[in-house]
file work_30.cif (mmCIF, C-alpha atoms)
data_protein
#
loop_
_atom_site.label_atom_id
_atom_site.label_comp_id
_atom_site.auth_asym_id
_atom_site.auth_seq_id
_atom_site.Cartn_x
_atom_site.Cartn_y
_atom_site.Cartn_z
CA MET B 1 0.00 0.00 0.00
CA ASP B 2 2.99 2.32 0.58
CA ALA B 3 3.64 2.36 -3.14
CA ILE B 4 0.17 3.64 -4.07
CA ASN B 5 0.81 7.23 -2.98
CA PRO B 6 4.06 7.73 -4.93
CA LEU B 7 2.67 5.94 -8.00
CA ALA B 8 -0.47 8.12 -7.91
CA THR B 9 1.71 11.24 -7.64
CA ILE B 10 3.80 9.99 -10.58
CA ALA B 11 0.60 9.49 -12.58
CA LEU B 12 -0.45 13.06 -11.72
CA ALA B 13 2.97 14.33 -12.85
CA GLY B 14 2.56 12.35 -16.07
CA LEU B 15 -0.87 13.90 -16.70
CA ILE B 16 0.59 17.38 -16.23
CA HIS B 17 3.34 16.52 -18.71
CA ALA B 18 0.55 15.34 -21.03
CA SER B 19 -1.06 18.78 -20.97
CA PHE B 20 1.97 20.26 -22.77
CA GLN B 21 1.35 20.36 -26.47
CA LEU B 22 4.52 20.60 -28.56
CA SER B 23 4.60 16.93 -29.57
CA ILE B 24 0.91 17.02 -30.52
CA SER B 25 1.39 20.22 -32.55
CA THR B 26 4.31 18.69 -34.44
CA LEU B 27 2.39 15.45 -34.97
CA THR B 28 -0.68 17.21 -36.43
CA LEU B 29 1.58 19.22 -38.74
CA LEU B 30 3.34 16.03 -39.85
CA GLY B 31 -0.01 14.30 -40.43
CA SER B 32 -1.60 17.17 -42.36
CA HIS B 33 1.38 17.62 -44.69
CA THR B 34 1.78 13.92 -45.33
CA VAL B 35 -1.93 13.47 -46.13
CA GLY B 36 -2.01 16.72 -48.15
CA ALA B 37 0.96 15.54 -50.23
CA ARG B 38 -1.09 12.46 -51.24
CA ALA B 39 1.37 10.10 -49.57
CA SER B 40 0.23 6.52 -49.15
CA LYS B 41 -1.42 5.35 -45.94
CA ARG B 42 1.58 3.10 -45.41
CA ARG B 43 3.98 6.07 -45.46
CA LEU B 44 1.71 8.05 -43.13
CA LEU B 45 1.66 5.18 -40.64
CA LYS B 46 5.44 4.74 -40.85
CA LEU B 47 6.01 8.44 -40.17
CA ILE B 48 3.55 8.51 -37.27
CA TYR B 49 5.01 5.34 -35.75
CA GLY B 50 8.53 6.74 -36.16
CA PHE B 51 7.57 10.04 -34.56
CA SER B 52 5.67 8.33 -31.71
CA PHE B 53 8.54 5.93 -31.04
CA GLY B 54 10.94 8.88 -30.86
CA ALA B 55 8.72 10.73 -28.37
CA VAL B 56 8.17 7.61 -26.20
CA LEU B 57 11.87 6.68 -26.21
CA MET B 58 13.02 10.22 -25.38
CA THR B 59 10.51 10.50 -22.52
CA LEU B 60 11.73 7.17 -21.10
CA LEU B 61 15.38 8.15 -21.49
CA THR B 62 14.87 11.61 -19.95
CA VAL B 63 13.06 10.28 -16.88
CA SER B 64 15.61 7.47 -16.48
CA SER B 65 18.57 9.85 -16.82
CA VAL B 66 17.20 12.41 -14.36
CA THR B 67 16.41 9.56 -11.93
CA LEU B 68 19.98 8.29 -12.23
CA TRP B 69 21.46 11.75 -11.60
CA VAL B 70 19.19 12.27 -8.62
CA GLN B 71 20.11 8.84 -7.23
CA ILE B 72 23.82 9.60 -7.62
CA ALA B 73 23.28 12.93 -5.83
CA PHE B 74 21.01 11.79 -2.96
CA GLY B 75 21.21 7.98 -2.72
CA ASN B 76 17.85 6.48 -1.78
CA MET B 77 16.69 9.23 0.59
CA VAL B 78 15.72 12.64 -0.71
CA PRO B 79 16.48 15.52 1.71
CA PRO B 80 13.55 17.87 2.49
CA LEU B 81 15.58 20.72 0.96
CA ALA B 82 15.42 18.99 -2.46
CA TRP B 83 11.65 18.51 -2.10
CA ALA B 84 11.19 22.15 -1.08
CA THR B 85 13.26 23.30 -4.07
CA THR B 86 11.13 21.14 -6.37
CA CYS B 87 7.96 22.68 -4.89
CA GLY B 88 9.31 26.14 -5.69
CA LEU B 89 10.19 25.01 -9.22
CA LEU B 90 6.65 23.71 -9.76
CA LEU B 91 5.05 26.92 -8.51
CA GLY B 92 7.33 29.02 -10.72
CA LEU B 93 6.52 26.83 -13.73
CA SER B 94 2.79 27.11 -13.08
CA VAL B 95 3.00 30.92 -13.24
CA ALA B 96 5.18 30.70 -16.37
CA VAL B 97 2.64 28.38 -18.04
CA TRP B 98 -0.23 30.77 -17.26
CA ILE B 99 1.71 33.76 -18.58
CA PHE B 100 3.39 32.57 -21.75
CA TYR B 101 2.80 28.93 -22.68
CA TYR B 102 0.57 29.82 -25.64
CA ARG B 103 1.31 32.92 -27.72
CA LYS B 104 -1.39 35.56 -27.81
CA GLU B 105 -2.22 35.14 -31.48
CA PRO B 106 -4.67 32.94 -33.40
CA GLY B 107 -3.82 29.29 -33.88
CA THR B 108 -1.92 27.07 -31.47
CA SER B 109 1.55 28.62 -31.57
CA LEU B 110 3.53 27.98 -28.41
CA TRP B 111 6.20 29.83 -26.42
CA VAL B 112 8.93 28.02 -28.42
CA PRO B 113 11.54 30.50 -29.84
CA ARG B 114 10.54 31.38 -33.42
CA GLY B 115 13.82 30.15 -34.90
CA LEU B 116 13.33 26.71 -33.38
CA ALA B 117 9.63 26.68 -34.32
CA ARG B 118 10.48 27.56 -37.94
CA TYR B 119 13.10 24.80 -38.03
CA LEU B 120 10.66 22.25 -36.58
CA MET B 121 7.94 23.31 -39.04
CA SER B 122 10.17 23.23 -42.09
CA ARG B 123 11.61 19.81 -41.26
CA THR B 124 8.19 18.42 -40.29
CA LYS B 125 6.72 19.55 -43.62
CA ALA B 126 9.65 18.21 -45.62
CA THR B 127 10.18 14.84 -44.00
CA HIS B 128 9.47 11.69 -45.98
CA VAL B 129 11.76 9.39 -44.02
CA THR B 130 10.81 7.41 -40.91
CA ALA B 131 14.23 8.00 -39.34
CA GLU B 132 13.74 11.76 -39.59
CA ALA B 133 10.24 11.47 -38.10
CA PHE B 134 11.86 9.52 -35.24
CA GLY B 135 14.36 12.37 -34.78
CA LEU B 136 11.54 14.92 -34.79
CA GLY B 137 9.76 12.92 -32.06
CA ILE B 138 12.94 13.12 -29.96
CA THR B 139 13.36 16.85 -30.70
CA SER B 140 9.76 17.66 -29.76
CA VAL B 141 10.34 16.22 -26.27
CA VAL B 142 13.72 17.95 -25.84
CA ALA B 143 12.32 21.30 -27.02
CA GLU B 144 9.68 21.20 -24.29
CA MET B 145 12.22 20.45 -21.55
CA LEU B 146 11.83 23.87 -19.92
CA PHE B 147 8.28 22.97 -18.86
CA ILE B 148 8.39 19.20 -18.45
CA ILE B 149 11.44 19.32 -16.18
CA GLY B 150 9.14 20.03 -13.18
CA PRO B 151 6.99 16.88 -13.43
CA ILE B 152 10.05 14.84 -14.41
CA ALA B 153 12.01 16.08 -11.36
CA VAL B 154 9.16 15.06 -9.03
CA THR B 155 8.95 11.65 -10.71
CA ALA B 156 12.71 11.12 -10.40
CA LEU B 157 12.70 12.06 -6.69
CA LEU B 158 9.80 9.69 -6.04
CA LEU B 159 11.33 6.85 -8.05
CA ILE B 160 14.60 6.71 -6.12
CA GLU B 161 12.72 5.98 -2.90
CA LEU B 162 10.93 2.97 -4.43
CA GLU B 163 11.94 -0.69 -4.75
CA PRO B 164 13.62 -1.52 -8.11
CA ILE B 165 10.54 -3.31 -9.51
CA LEU B 166 8.34 -0.39 -8.49
CA GLN B 167 10.83 1.99 -10.09
CA LEU B 168 10.19 0.26 -13.42
CA THR B 169 6.44 0.38 -12.76
CA GLY B 170 6.67 4.10 -11.95
CA LEU B 171 8.67 4.73 -15.11
CA ALA B 172 6.03 2.93 -17.17
CA VAL B 173 3.18 4.79 -15.41
CA TYR B 174 4.82 8.16 -16.08
CA THR B 175 5.60 7.41 -19.74
CA LEU B 176 2.12 6.05 -20.42
CA THR B 177 0.21 8.87 -18.71
CA SER B 178 2.45 11.61 -20.13
CA LEU B 179 1.92 10.38 -23.69
CA LEU B 180 -1.77 9.39 -23.48
CA PRO B 181 -3.23 12.39 -25.39
CA PHE B 182 -0.35 12.26 -27.86
CA LEU B 183 -0.94 8.55 -28.57
CA PHE B 184 -4.69 9.24 -28.79
CA VAL B 185 -4.12 11.94 -31.44
CA ALA B 186 -1.65 9.65 -33.26
CA ALA B 187 -4.33 6.92 -33.34
CA LEU B 188 -6.92 9.41 -34.65
CA ILE B 189 -4.64 10.61 -37.46
CA SER B 190 -3.63 7.02 -38.32
CA ASN B 191 -7.31 6.12 -38.68
CA GLY B 192 -8.02 9.00 -41.06
CA TYR B 193 -9.65 11.43 -38.63
CA ASN B 194 -10.02 15.01 -39.87
CA ILE B 195 -6.90 16.88 -38.68
CA GLY B 196 -8.67 20.21 -39.21
CA LYS B 197 -11.18 19.29 -36.51
CA ILE B 198 -8.36 18.40 -34.09
CA GLN B 199 -6.61 21.73 -34.75
CA ARG B 200 -9.83 23.74 -34.43
CA TRP B 201 -10.60 22.05 -31.10
CA ARG B 202 -7.07 22.75 -29.84
CA ALA B 203 -7.20 26.39 -30.94
CA ALA B 204 -10.65 26.89 -29.38
CA ASN B 205 -9.64 25.31 -26.06
CA LYS B 206 -6.04 26.45 -25.71
CA GLY B 207 -6.87 28.82 -22.86
CA PHE B 208 -8.50 25.98 -20.94
CA LEU B 209 -5.54 23.65 -21.60
CA GLN B 210 -3.14 26.36 -20.42
CA PHE B 211 -5.17 26.98 -17.27
CA ILE B 212 -5.40 23.26 -16.49
CA ALA B 213 -1.65 22.78 -16.98
CA GLY B 214 -0.86 25.65 -14.58
CA CYS B 215 -3.41 24.42 -12.01
CA GLY B 216 -2.03 20.88 -12.32
CA LEU B 217 1.46 22.11 -11.45
CA ILE B 218 0.10 23.88 -8.36
CA VAL B 219 -1.79 20.75 -7.28
CA LEU B 220 1.38 18.70 -7.77
CA ALA B 221 3.38 21.22 -5.73
CA PHE B 222 0.76 21.00 -2.97
CA CYS B 223 0.88 17.16 -3.00
CA VAL B 224 4.67 17.22 -2.80
CA TYR B 225 4.58 19.76 0.03
CA VAL B 226 2.04 17.81 2.09
CA ASN B 227 3.49 14.34 1.46
CA GLN B 228 7.19 15.10 1.44
CA VAL B 229 8.24 18.53 2.73
CA SER B 230 6.00 18.81 5.80
CA GLN B 231 6.42 15.11 6.69
CA GLY B 232 10.17 15.26 6.12
CA VAL B 233 10.49 18.29 8.39
CA ALA B 234 8.28 16.65 11.04
CA ILE B 235 10.20 13.33 10.98
CA GLY B 236 13.67 14.74 10.51
CA GLY B 237 13.23 17.60 12.92
CA GLY B 238 13.72 20.14 10.15
CA GLY B 239 16.22 18.98 7.60
CA LEU B 240 15.84 22.30 5.78
CA MET E 1 -4.13 44.66 -65.94
CA SER E 2 -4.63 40.90 -65.66
CA ALA E 3 -4.10 38.73 -62.59
CA SER E 4 -1.01 37.14 -64.15
CA THR E 5 0.91 40.41 -63.72
CA THR E 6 0.06 40.81 -60.07
CA TYR E 7 3.21 40.45 -58.00
CA ILE E 8 3.37 38.71 -54.65
CA VAL E 9 5.62 40.21 -51.98
CA LYS E 10 6.80 37.24 -49.94
CA ARG E 11 7.69 37.30 -46.25
CA GLN E 12 7.62 41.14 -46.08
CA GLY E 13 10.21 41.36 -48.84
CA LYS E 14 12.68 38.95 -47.25
CA ARG E 15 12.21 36.55 -50.18
CA PRO E 16 12.20 37.59 -53.85
CA THR E 17 8.92 38.98 -55.16
CA GLU E 18 7.30 36.76 -57.79
CA ALA E 19 4.36 36.90 -60.18
CA PHE E 20 1.10 35.34 -59.01
CA LYS E 21 0.69 31.79 -60.26
CA ALA E 22 -2.83 30.41 -59.98
CA GLU E 23 -1.54 26.85 -60.21
CA LYS E 24 0.52 27.29 -57.01
CA LEU E 25 -2.54 28.54 -55.16
CA HIS E 26 -4.58 25.68 -56.64
CA ALA E 27 -2.05 23.10 -55.48
CA SER E 28 -1.94 24.53 -51.95
CA ILE E 29 -5.75 24.53 -51.67
CA VAL E 30 -5.96 20.95 -52.96
CA ALA E 31 -3.30 19.89 -50.42
CA VAL E 32 -5.09 21.48 -47.47
CA CYS E 33 -8.45 20.02 -48.54
CA LEU E 34 -6.89 16.56 -48.81
CA SER E 35 -5.30 16.94 -45.39
CA VAL E 36 -8.78 17.34 -43.85
CA GLN E 37 -9.89 14.15 -45.59
CA ALA E 38 -11.89 15.80 -48.38
CA PRO E 39 -12.29 13.52 -51.44
CA ILE E 40 -9.97 14.36 -54.34
CA GLY E 41 -12.82 15.51 -56.59
CA GLN E 42 -14.17 17.88 -53.96
CA ALA E 43 -10.64 19.17 -53.28
CA GLU E 44 -10.06 19.94 -56.98
CA ALA E 45 -13.45 21.61 -57.36
CA THR E 46 -12.97 23.69 -54.21
CA ALA E 47 -9.48 24.73 -55.33
CA SER E 48 -10.82 25.83 -58.74
CA SER E 49 -13.59 27.90 -57.13
CA VAL E 50 -11.17 29.53 -54.68
CA CYS E 51 -8.65 30.28 -57.45
CA ASN E 52 -11.33 31.90 -59.59
CA GLU E 53 -12.52 34.17 -56.78
CA VAL E 54 -9.00 35.09 -55.73
CA THR E 55 -8.02 35.84 -59.34
CA VAL E 56 -10.97 38.22 -59.64
CA TRP E 57 -9.93 39.88 -56.37
CA LEU E 58 -6.35 40.27 -57.67
CA ASP E 59 -7.46 41.69 -61.00
CA GLU E 60 -7.11 45.35 -60.02
CA LYS E 61 -4.03 44.95 -57.86
CA PRO E 62 -0.47 45.33 -59.14
CA GLU E 63 1.07 43.95 -55.95
CA VAL E 64 -0.11 42.14 -52.79
CA THR E 65 1.71 40.47 -49.92
CA SER E 66 1.68 36.69 -49.52
CA GLU E 67 -0.10 37.20 -46.17
CA ASP E 68 -2.90 39.12 -47.90
CA LEU E 69 -3.19 36.43 -50.53
CA ARG E 70 -3.39 33.71 -47.89
CA ARG E 71 -5.93 35.69 -45.85
CA LYS E 72 -8.15 36.24 -48.88
CA ALA E 73 -7.87 32.62 -50.00
CA ALA E 74 -8.77 31.46 -46.47
CA ILE E 75 -11.85 33.73 -46.42
CA VAL E 76 -13.02 32.29 -49.74
CA LEU E 77 -12.15 28.72 -48.69
CA GLU E 78 -14.23 29.12 -45.52
CA LYS E 79 -17.36 29.15 -47.68
CA TYR E 80 -16.53 25.68 -48.97
CA HIS E 81 -14.73 23.92 -46.11
CA GLN E 82 -14.33 25.43 -42.64
CA ASP E 83 -11.79 22.91 -41.32
CA ALA E 84 -9.60 23.34 -44.39
CA ALA E 85 -9.88 27.13 -44.10
CA HIS E 86 -8.76 26.98 -40.46
CA LEU E 87 -5.70 24.89 -41.31
CA TYR E 88 -4.88 27.09 -44.31
CA LYS E 89 -5.19 30.32 -42.36
CA HIS E 90 -3.13 29.18 -39.37
CA HIS E 91 -0.57 26.95 -41.02
CA HIS E 92 2.30 29.16 -39.73
CA MET E 93 0.83 29.16 -36.22
CA VAL E 94 0.74 25.46 -35.37
CA ILE E 95 3.97 25.27 -33.34
#
call {"tool": "encode", "arguments": {"input": "work_30.cif", "output": "structure tokens"}}
result
Amino acid sequence: MDAINPLATIALAGLIHASFQLSISTLTLLGSHTVGARASKRRLLKLIYGFSFGAVLMTLLTVSSVTLWVQIAFGNMVPPLAWATTCGLLLGLSVAVWIFYYRKEPGTSLWVPRGLARYLMSRTKATHVTAEAFGLGITSVVAEMLFIIGPIAVTALLLIELEPILQLTGLAVYTLTSLLPFLFVAALISNGYNIGKIQRWRAANKGFLQFIAGCGLIVLAFCVYVNQVSQGVAIGGGGL
Amino acid sequence: MSASTTYIVKRQGKRPTEAFKAEKLHASIVAVCLSVQAPIGQAEATASSVCNEVTVWLDEKPEVTSEDLRRKAAIVLEKYHQDAAHLYKHHHMVI
């Protein structure tokens, strides 16, 4: 039963990661240009699978790497100071998400620097090769690192306190929950769903998505504070 | 002055200005219609209708920007296919 609380918190962190939209934006662009260029269904599926595999692999590798670094730094016990710092990071990120995650212009353009956005768009439109789609999947996760580092840091800190088998379970829970909407959109595009409808829905609801992402980060910060910082201070007599 | 001599100023002059080519507009409208799962026949017919209306609009203009052209084409396209028009209008604002 002790594992339920950390795994539930990891799932919450994964859902917050899922509310960030760069991978989905890149995927819809890839899908619309591939379909618009009259490419075969087989090529569309190969590109989507390549892109999805890149995003899944990079998410797994990022969480695993951060967990390893955190384990090297702290061993199997996280000091309350690290938890408190993570809480502050989450609160700061929530404000940043509310202020500038989506640009204040029509469409679904994100905070991403325009040079990087132009590069991503031009390569996404031009790609015909599965390997490049795989690379774009990786890049879309890396490019969003500024925002996803908060949920990933919480996950890494929780994972190092778990048994090895539960660490793998936690890693799987995070990866699955963080990529749920992305995989859902990938399945829709693969099955010939109208990409215009997806984009119109995203553009119409971007304010809501932004608000939910910011609120989610605050809820996660609160969970971490209650479960880790306040308990750690109470048990450890104030390790801050 | 005919539409073929209307010049398109691309990316606020950062790329060379070029003469309007209806076939380029046609191809881009067909592509966006196909990307929202419109059948090929409907995509071709929609593209022809949009090109005709845009060509009439360009008839009196010696020069327009590519943004104006896209905006006008999107307004016309909206009459035929709203999802396609949304994608066409915001294609630079996805990421």
call {"tool": "atom_distance", "arguments": {"input": "work_30.cif", "atom1": "CA of Pro181 (chain B)", "atom2": "CA of Phe20 (chain B)"}}
result
9.8 Å
call {"tool": "closest_atom_pairs", "arguments": {"input": "work_30.cif", "of": "chain E", "to": "chain B", "cutoff": "7 Å", "atoms": "all atoms listed in the file", "output": "JSON lines"}}
result
{"residue": "E:Ala31", "atom": "CA", "partner": "B:Gly36", "partner_atom": "CA", "distance": 4.1}
{"residue": "E:Val32", "atom": "CA", "partner": "B:Gly36", "partner_atom": "CA", "distance": 5.7}
{"residue": "E:Leu34", "atom": "CA", "partner": "B:Gly36", "partner_atom": "CA", "distance": 4.9}
{"residue": "E:Ser35", "atom": "CA", "partner": "B:Gly36", "partner_atom": "CA", "distance": 4.3}
{"residue": "E:Val36", "atom": "CA", "partner": "B:Asn194", "partner_atom": "CA", "distance": 4.8}
{"residue": "E:Gln37", "atom": "CA", "partner": "B:Asn194", "partner_atom": "CA", "distance": 5.8}
{"residue": "E:Asp83", "atom": "CA", "partner": "B:Gly196", "partner_atom": "CA", "distance": 4.6}
{"residue": "E:Ala84", "atom": "CA", "partner": "B:Gly196", "partner_atom": "CA", "distance": 6.1}
{"residue": "E:His86", "atom": "CA", "partner": "B:Gly196", "partner_atom": "CA", "distance": 6.9}
{"residue": "E:Leu87", "atom": "CA", "partner": "B:Gly196", "partner_atom": "CA", "distance": 5.9}
{"residue": "E:His90", "atom": "CA", "partner": "B:Gly107", "partner_atom": "CA", "distance": 5.5}
{"residue": "E:Met93", "atom": "CA", "partner": "B:Ser109", "partner_atom": "CA", "distance": 4.7}
{"residue": "E:Val94", "atom": "CA", "partner": "B:Thr108", "partner_atom": "CA", "distance": 5.0}
{"residue": "E:Ile95", "atom": "CA", "partner": "B:Ser109", "partner_atom": "CA", "distance": 4.5}
call {"tool": "residues_around", "arguments": {"input": "work_30.cif", "residues": "Trp57 (chain E)", "least_positions_apart": "6", "cutoff": "10 Å", "atoms": "all atoms listed in the file", "output": "list in words"}}
result
Ala3, Cys51, Leu69, Lys72 and Ala73 of chain E
call {"tool": "resolve_selection", "arguments": {"input": "work_30.cif", "expression": "the PyMOL selection byres ((chain B and resi 94) around 10)", "output": "number ranges by chain"}}
result
B: 88-93, 95-99, 101, 147, 150, 210-219, 221
call {"tool": "write_last_selection", "arguments": {"input": "work_30.cif", "atoms": "C-alpha atoms", "output": "short mmCIF file (atom, residue, chain, number, x, y, z; two decimals), in the coordinates of the input"}}
result
data_model
loop_
_atom_site.label_atom_id
_atom_site.label_comp_id
_atom_site.auth_asym_id
_atom_site.auth_seq_id
_atom_site.Cartn_x
_atom_site.Cartn_y
_atom_site.Cartn_z
CA GLY B 88 9.31 26.14 -5.69
CA LEU B 89 10.19 25.01 -9.22
CA LEU B 90 6.65 23.71 -9.76
CA LEU B 91 5.05 26.92 -8.51
CA GLY B 92 7.33 29.02 -10.72
CA LEU B 93 6.52 26.83 -13.73
CA VAL B 95 3.00 30.92 -13.24
CA ALA B 96 5.18 30.70 -16.37
CA VAL B 97 2.64 28.38 -18.04
CA TRP B 98 -0.23 30.77 -17.26
CA ILE B 99 1.71 33.76 -18.58
CA TYR B 101 2.80 28.93 -22.68
CA PHE B 147 8.28 22.97 -18.86
CA GLY B 150 9.14 20.03 -13.18
CA GLN B 210 -3.14 26.36 -20.42
CA PHE B 211 -5.17 26.98 -17.27
CA ILE B 212 -5.40 23.26 -16.49
CA ALA B 213 -1.65 22.78 -16.98
CA GLY B 214 -0.86 25.65 -14.58
CA CYS B 215 -3.41 24.42 -12.01
CA GLY B 216 -2.03 20.88 -12.32
CA LEU B 217 1.46 22.11 -11.45
CA ILE B 218 0.10 23.88 -8.36
CA VAL B 219 -1.79 20.75 -7.28
CA ALA B 221 3.38 21.22 -5.73
#
call {"tool": "atom_distance", "arguments": {"input": "work_30.cif", "atom1": "CA of Ile152 (chain B)", "atom2": "CA of Leu180 (chain B)"}}
result
15.9 Å
call {"tool": "residues_around", "arguments": {"input": "work_30.cif", "residues": "His26 (chain E)", "least_positions_apart": "3", "cutoff": "12 Å", "atoms": "only C-alpha atoms", "output": "ChimeraX atom specification"}}
result
/E:20-23,29-33,43-55,70,73,77
call {"tool": "residues_around", "arguments": {"input": "work_30.cif", "residues": "region 60-67 of chain E", "least_positions_apart": "6", "cutoff": "6 Å", "atoms": "only C-alpha atoms", "output": "PDB file with C-alpha atoms, in the coordinates of the input"}}
result
ATOM      1  CA  THR E   6       0.060  40.810 -60.070  1.00  0.00           C
ATOM      2  CA  TYR E   7       3.210  40.450 -58.000  1.00  0.00           C
ATOM      3  CA  ILE E   8       3.370  38.710 -54.650  1.00  0.00           C
ATOM      4  CA  VAL E   9       5.620  40.210 -51.980  1.00  0.00           C
ATOM      5  CA  LYS E  10       6.800  37.240 -49.940  1.00  0.00           C
TER       6      LYS E  10
END
call {"tool": "atom_distance", "arguments": {"input": "work_30.cif", "atom1": "CA of Val173 (chain B)", "atom2": "CA of Glu161 (chain B)"}}
result
15.8 Å
call {"tool": "axis_aligned_box", "arguments": {"input": "work_30.cif", "around": "region 80-94 of chain E", "padding_each_side": "8 Å", "output": "JSON"}}
result
{"center_x": -7.1, "center_y": 26.6, "center_z": -42.2, "size_x": 34.8, "size_y": 23.4, "size_z": 29.6}
